[in-house]
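Source file: data_26.pdb (PDB, C-alpha atoms)
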```pdb
MODEL        1
ATOM      1  CA  MET A 717     -16.784  10.880  56.118
ATOM      2  CA  LYS A 718     -19.408  11.564  53.425
ATOM      3  CA  HIS A 719     -17.386  14.573  52.169
ATOM      4  CA  ILE A 720     -14.201  12.512  51.933
ATOM      5  CA  LEU A 721     -15.909   9.789  49.871
ATOM      6  CA  THR A 722     -17.484  12.398  47.584
ATOM      7  CA  GLY A 723     -14.088  14.086  47.128
ATOM      8  CA  LEU A 724     -12.380  10.768  46.300
ATOM      9  CA  LEU A 725     -15.099   9.939  43.777
ATOM     10  CA  LEU A 726     -14.705  13.311  42.039
ATOM     11  CA  VAL A 727     -10.907  13.011  41.926
ATOM     12  CA  THR A 728     -11.189   9.477  40.474
ATOM     13  CA  LEU A 729     -13.668  10.578  37.830
ATOM     14  CA  PHE A 730     -11.623  13.639  36.850
ATOM     15  CA  PHE A 731      -8.233  11.934  36.599
ATOM     16  CA  GLY A 732      -9.503   8.518  35.500
ATOM     17  CA  CYS A 733     -11.299   9.871  32.431
ATOM     18  CA  LYS A 734      -8.637  12.315  31.317
ATOM     19  CA  LYS A 735      -6.995  11.368  28.015
ATOM     20  CA  ASP A 736      -3.235  10.999  28.113
ATOM     21  CA  SER A 737      -1.905  13.831  25.927
ATOM     22  CA  SER A 738       1.374  11.980  25.343
ATOM     23  CA  GLU A 739      -0.492   9.156  23.569
ATOM     24  CA  GLU A 740       0.875   8.696  20.046
ATOM     25  CA  ASN A 741      -0.650   7.109  16.969
ATOM     26  CA  ILE A 742      -0.021   3.510  16.016
ATOM     27  CA  TYR A 743       0.672   3.166  12.296
ATOM     28  CA  GLY A 744       1.020  -0.066  10.392
ATOM     29  CA  TYR A 745      -0.044  -1.987   7.337
ATOM     30  CA  GLU A 746      -1.865  -5.155   6.381
ATOM     31  CA  VAL A 747      -1.532  -7.238   3.204
ATOM     32  CA  GLU A 748      -3.890  -9.984   2.045
ATOM     33  CA  CYS A 749      -2.541 -12.210  -0.744
ATOM     34  CA  ASP A 750      -2.297 -15.868  -1.770
ATOM     35  CA  HIS A 751       1.488 -15.722  -2.219
ATOM     36  CA  CYS A 752       3.422 -12.454  -2.532
ATOM     37  CA  ASP A 753       6.544 -10.430  -1.766
ATOM     38  CA  ILE A 754       6.103  -7.234   0.270
ATOM     39  CA  SER A 755       8.507  -4.288   0.404
ATOM     40  CA  TYR A 756       8.433  -0.979   2.289
ATOM     41  CA  LEU A 757      10.624   1.655   3.912
ATOM     42  CA  ASP A 758      10.476   1.343   7.689
ATOM     43  CA  VAL A 759      10.275   4.305  10.093
ATOM     44  CA  ASN A 760      14.084   4.641   9.896
ATOM     45  CA  GLN A 761      13.870   4.789   6.062
ATOM     46  CA  ARG A 762      15.488   1.355   5.629
ATOM     47  CA  GLN A 763      14.229  -0.893   2.819
ATOM     48  CA  VAL A 764      12.502  -3.985   4.266
ATOM     49  CA  GLN A 765      11.419  -6.993   2.204
ATOM     50  CA  VAL A 766       9.130  -9.820   3.283
ATOM     51  CA  ARG A 767       9.540 -12.648   0.801
ATOM     52  CA  GLY A 768       7.092 -15.448   0.046
ATOM     53  CA  GLN A 769       4.301 -14.215   2.321
ATOM     54  CA  ARG A 770       1.094 -16.267   2.269
ATOM     55  CA  SER A 771      -2.398 -15.297   3.434
ATOM     56  CA  ASN A 772      -2.519 -12.232   5.751
ATOM     57  CA  TRP A 773       0.436 -10.180   6.996
ATOM     58  CA  ARG A 774       0.221  -7.301   9.453
ATOM     59  CA  ILE A 775       2.851  -5.134  11.119
ATOM     60  CA  GLU A 776       2.564  -2.089  13.389
ATOM     61  CA  PHE A 777       4.921   0.784  14.162
ATOM     62  CA  PRO A 778       3.928   1.959  17.677
ATOM     63  CA  SER A 779       5.026   5.287  19.181
ATOM     64  CA  VAL A 780       5.450   7.074  15.848
ATOM     65  CA  SER A 781       4.054  10.613  15.660
ATOM     66  CA  ILE A 782       4.250  11.022  11.849
ATOM     67  CA  ILE A 783       4.817   8.561   9.042
ATOM     68  CA  ASP A 784       5.433   8.517   5.292
ATOM     69  CA  LEU A 785       4.768   4.941   4.222
ATOM     70  CA  GLU A 786       4.580   3.195   0.854
ATOM     71  CA  ILE A 787       3.780  -0.526   0.630
ATOM     72  CA  VAL A 788       4.399  -2.597  -2.527
ATOM     73  CA  ALA A 789       3.013  -6.144  -2.833
ATOM     74  CA  THR A 790       4.022  -8.298  -5.804
ATOM     75  CA  SER A 791       2.090 -11.488  -6.536
ATOM     76  CA  LEU A 792       4.026 -14.751  -6.780
ATOM     77  CA  SER A 793       0.871 -16.751  -7.528
ATOM     78  CA  SER A 794       0.573 -18.137 -11.066
ATOM     79  CA  SER A 795      -3.158 -17.319 -11.077
ATOM     80  CA  ASN A 796      -2.502 -13.587 -10.506
ATOM     81  CA  SER A 797      -5.127 -13.636  -7.756
ATOM     82  CA  MET A 798      -6.456 -10.518  -6.024
ATOM     83  CA  MET A 799      -4.274  -8.782  -3.420
ATOM     84  CA  VAL A 800      -5.326  -6.065  -0.966
ATOM     85  CA  VAL A 801      -2.984  -3.628   0.811
ATOM     86  CA  HIS A 802      -4.176  -1.435   3.717
ATOM     87  CA  ILE A 803      -2.269   1.238   5.637
ATOM     88  CA  LEU A 804      -3.516   1.565   9.210
ATOM     89  CA  GLU A 805      -3.636   4.425  11.706
ATOM     90  CA  ASN A 806      -4.736   3.367  15.193
ATOM     91  CA  ARG A 807      -5.837   0.051  13.629
ATOM     92  CA  SER A 808      -8.245   1.819  11.223
ATOM     93  CA  LYS A 809      -7.736   1.731   7.453
ATOM     94  CA  VAL A 810      -6.598   5.114   6.125
ATOM     95  CA  ALA A 811      -5.456   4.016   2.662
ATOM     96  CA  SER A 812      -6.201   0.864   0.670
ATOM     97  CA  ARG A 813      -5.477  -0.496  -2.761
ATOM     98  CA  SER A 814      -6.380  -3.789  -4.405
ATOM     99  CA  GLY A 815      -5.435  -5.511  -7.625
ATOM    100  CA  SER A 816      -3.449  -8.368  -9.072
ATOM    101  CA  GLY A 817       0.173  -8.616 -10.102
ATOM    102  CA  ASN A 818       1.612  -5.542  -8.369
ATOM    103  CA  VAL A 819      -0.204  -3.356  -5.806
ATOM    104  CA  THR A 820       1.191  -0.136  -4.320
ATOM    105  CA  THR A 821      -0.430   2.130  -1.739
ATOM    106  CA  SER A 822       0.975   5.015   0.275
ATOM    107  CA  TYR A 823       0.051   7.314   3.142
ATOM    108  CA  LYS A 824       1.669  10.378   4.660
ATOM    109  CA  SER A 825       0.412  11.565   8.023
ATOM    110  CA  SER A 826       0.279  15.222   8.921
ATOM    111  CA  SER A 827       2.674  16.538  11.537
ATOM    112  CA  SER A 828      -0.197  18.062  13.517
ATOM    113  CA  GLY A 829      -1.660  14.636  14.255
ATOM    114  CA  SER A 830      -4.946  15.405  12.505
ATOM    115  CA  ASN A 831      -6.458  13.305   9.753
ATOM    116  CA  SER A 832      -5.617  15.823   7.021
ATOM    117  CA  GLY A 833      -3.065  13.319   5.656
ATOM    118  CA  VAL A 834      -5.811  10.955   4.519
ATOM    119  CA  THR A 835      -5.376  10.219   0.841
ATOM    120  CA  SER A 836      -7.832   9.447  -1.925
ATOM    121  CA  SER A 837      -7.553   6.263  -3.900
ATOM    122  CA  ILE A 838      -9.478   4.179  -6.411
ATOM    123  CA  CYS A 839     -11.893   1.432  -5.251
ATOM    124  CA  GLY A 840     -10.297  -1.212  -7.499
ATOM    125  CA  ALA A 841     -12.958  -3.904  -6.863
ATOM    126  CA  PRO A 842     -13.510  -6.373  -9.729
ATOM    127  CA  THR A 843     -16.450  -5.489 -11.989
ATOM    128  CA  LYS A 844     -18.853  -7.768 -13.897
ATOM    129  CA  LYS A 845     -17.086  -6.855 -17.153
ATOM    130  CA  GLY A 846     -13.748  -8.070 -15.775
ATOM    131  CA  GLY A 847     -12.204  -4.636 -15.177
ATOM    132  CA  ARG A 848     -11.624  -2.701 -11.963
ATOM    133  CA  CYS A 849     -13.968  -0.139 -10.377
ATOM    134  CA  GLN A 850     -12.581   3.363 -10.969
ATOM    135  CA  ARG A 851     -14.608   5.249  -8.320
ATOM    136  CA  LYS A 852     -12.560   7.507  -6.056
ATOM    137  CA  VAL A 853     -12.728   6.706  -2.352
ATOM    138  CA  SER A 854     -11.550   9.010   0.407
ATOM    139  CA  GLY A 855      -9.240   7.427   2.975
ATOM    140  CA  GLY A 856      -8.932   4.123   1.142
ATOM    141  CA  GLY A 857     -11.141   1.078   1.111
ATOM    142  CA  ARG A 858     -14.000   0.280  -1.235
ATOM    143  CA  CYS A 859     -16.750   2.451  -2.721
ATOM    144  CA  TRP A 860     -20.375   2.360  -1.575
ATOM    145  CA  GLN A 861     -21.312  -0.339  -4.091
ATOM    146  CA  HIS A 862     -18.422  -2.733  -3.363
ATOM    147  CA  ASN A 863     -18.235  -2.273   0.420
TER     148      ASN A 863
ENDMDL
END
```

Target encoding structure tokens, full file:
Amino acid sequence: MKHILTGLLLVTLFFGCKKDSSEENIYGYEVECDHCDISYLDVNQRQVQVRGQRSNWRIEFPSVSIIDLEIVATSLSSSNSMMVVHILENRSKVASRSGSGNVTTSYKSSSSGSNSGVTSSICGAPTKKGGRCQRKVSGGGRCWQHN
């Protein structure tokens, strides 16, 4: 009886902890804006437009092994307020861009499934002098000072 229980425990540990090799990445994007239009090519390369979006918008493309995605957000707010666009891989930010007026960011995954498709971008955070931070950041997001 003791050997059977030990065997069942080992089988459960071995098969229960094994990662499913057929698991695919989940890609998506997130836009933060006061009032904006969003456009992108979906996974079938069809132009999609989201008009008059307010606040936060997020969409995911599950079960996609590779992706070539470009997101464009255009402000409709008269104050030209700050907008932020993130491209996500497994719900983590892999490319980000911020600004006012018109913001574009893109990401192309590698076919091997590794993170070699991570792109560099500019921080873009507002500075004290009224400009935008020009530090390069790997994989999107903000630099060390504006994080």

Check your understanding: Between A:His751, A:Arg770, A:Arg762, A:Lys824, which is the closest to Ser797 (chain A) once you count all atoms listed in the file?
Key -> A:His751

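Distances from A:Asp750, A:Ser837, A:Phe777, A:Tyr745 to Met798 (chain A) were compared using all atoms listed in the file, and the smallest one belongs to A:Asp750.
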
Practice item. Choose the residue, out of A:Leu792, A:Val819, A:Met799, A:Ile783, that has the smallest atom-to-atom separation from Cys749 (chain A); count all atoms listed in the file. Key: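 Looking only at the distances to Cys749 (chain A), the closest residue turns out to be A:Met799.
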
Review point. Between A:Tyr823, A:Tyr743, A:Tyr756, A:Trp860, which is the closest to Val780 (chain A) once you count all atoms listed in the file?
Key: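 Ranking A:Tyr823, A:Tyr743, A:Tyr756, A:Trp860 by distance to Val780 (chain A), first place goes to A:Tyr743.
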
Check your understanding: Of the residues A:Gln861, A:Ile787, A:Glu746, A:Val853, which is the one nearest to Asn772 (chain A), using only C-alpha atoms?
Key ->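 Using only C-alpha atoms, the shortest distance to Asn772 (chain A) belongs to A:Glu746.
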
Exercise for review: Could you jot down the CA of Trp773 (chain A) to CA of Asn863 (chain A) separation for me, Å, one decimal place?
Suggested key: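 So the answer is 21.3 Å.
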
Review point. In Å, with one decimal, what is the gap from CA of Asn796 (chain A) to CA of Val747 (chain A)?
Key: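 Computing the Euclidean distance for CA of Asn796 (chain A) and CA of Val747 (chain A) yields 15.1 Å.
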
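Among the candidates A:Ile742, A:Ala789, A:Cys849, A:Val766, the residue lying nearest to Val801 (chain A) is A:Ala789 (atoms considered: only C-alpha atoms).
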
**Study point:** CA of Arg858 (chain A) to CA of Pro842 (chain A), distance in Å rounded to a single decimal
**Key:**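 Answer for the CA of Arg858 (chain A) to CA of Pro842 (chain A) separation: 10.8 Å.
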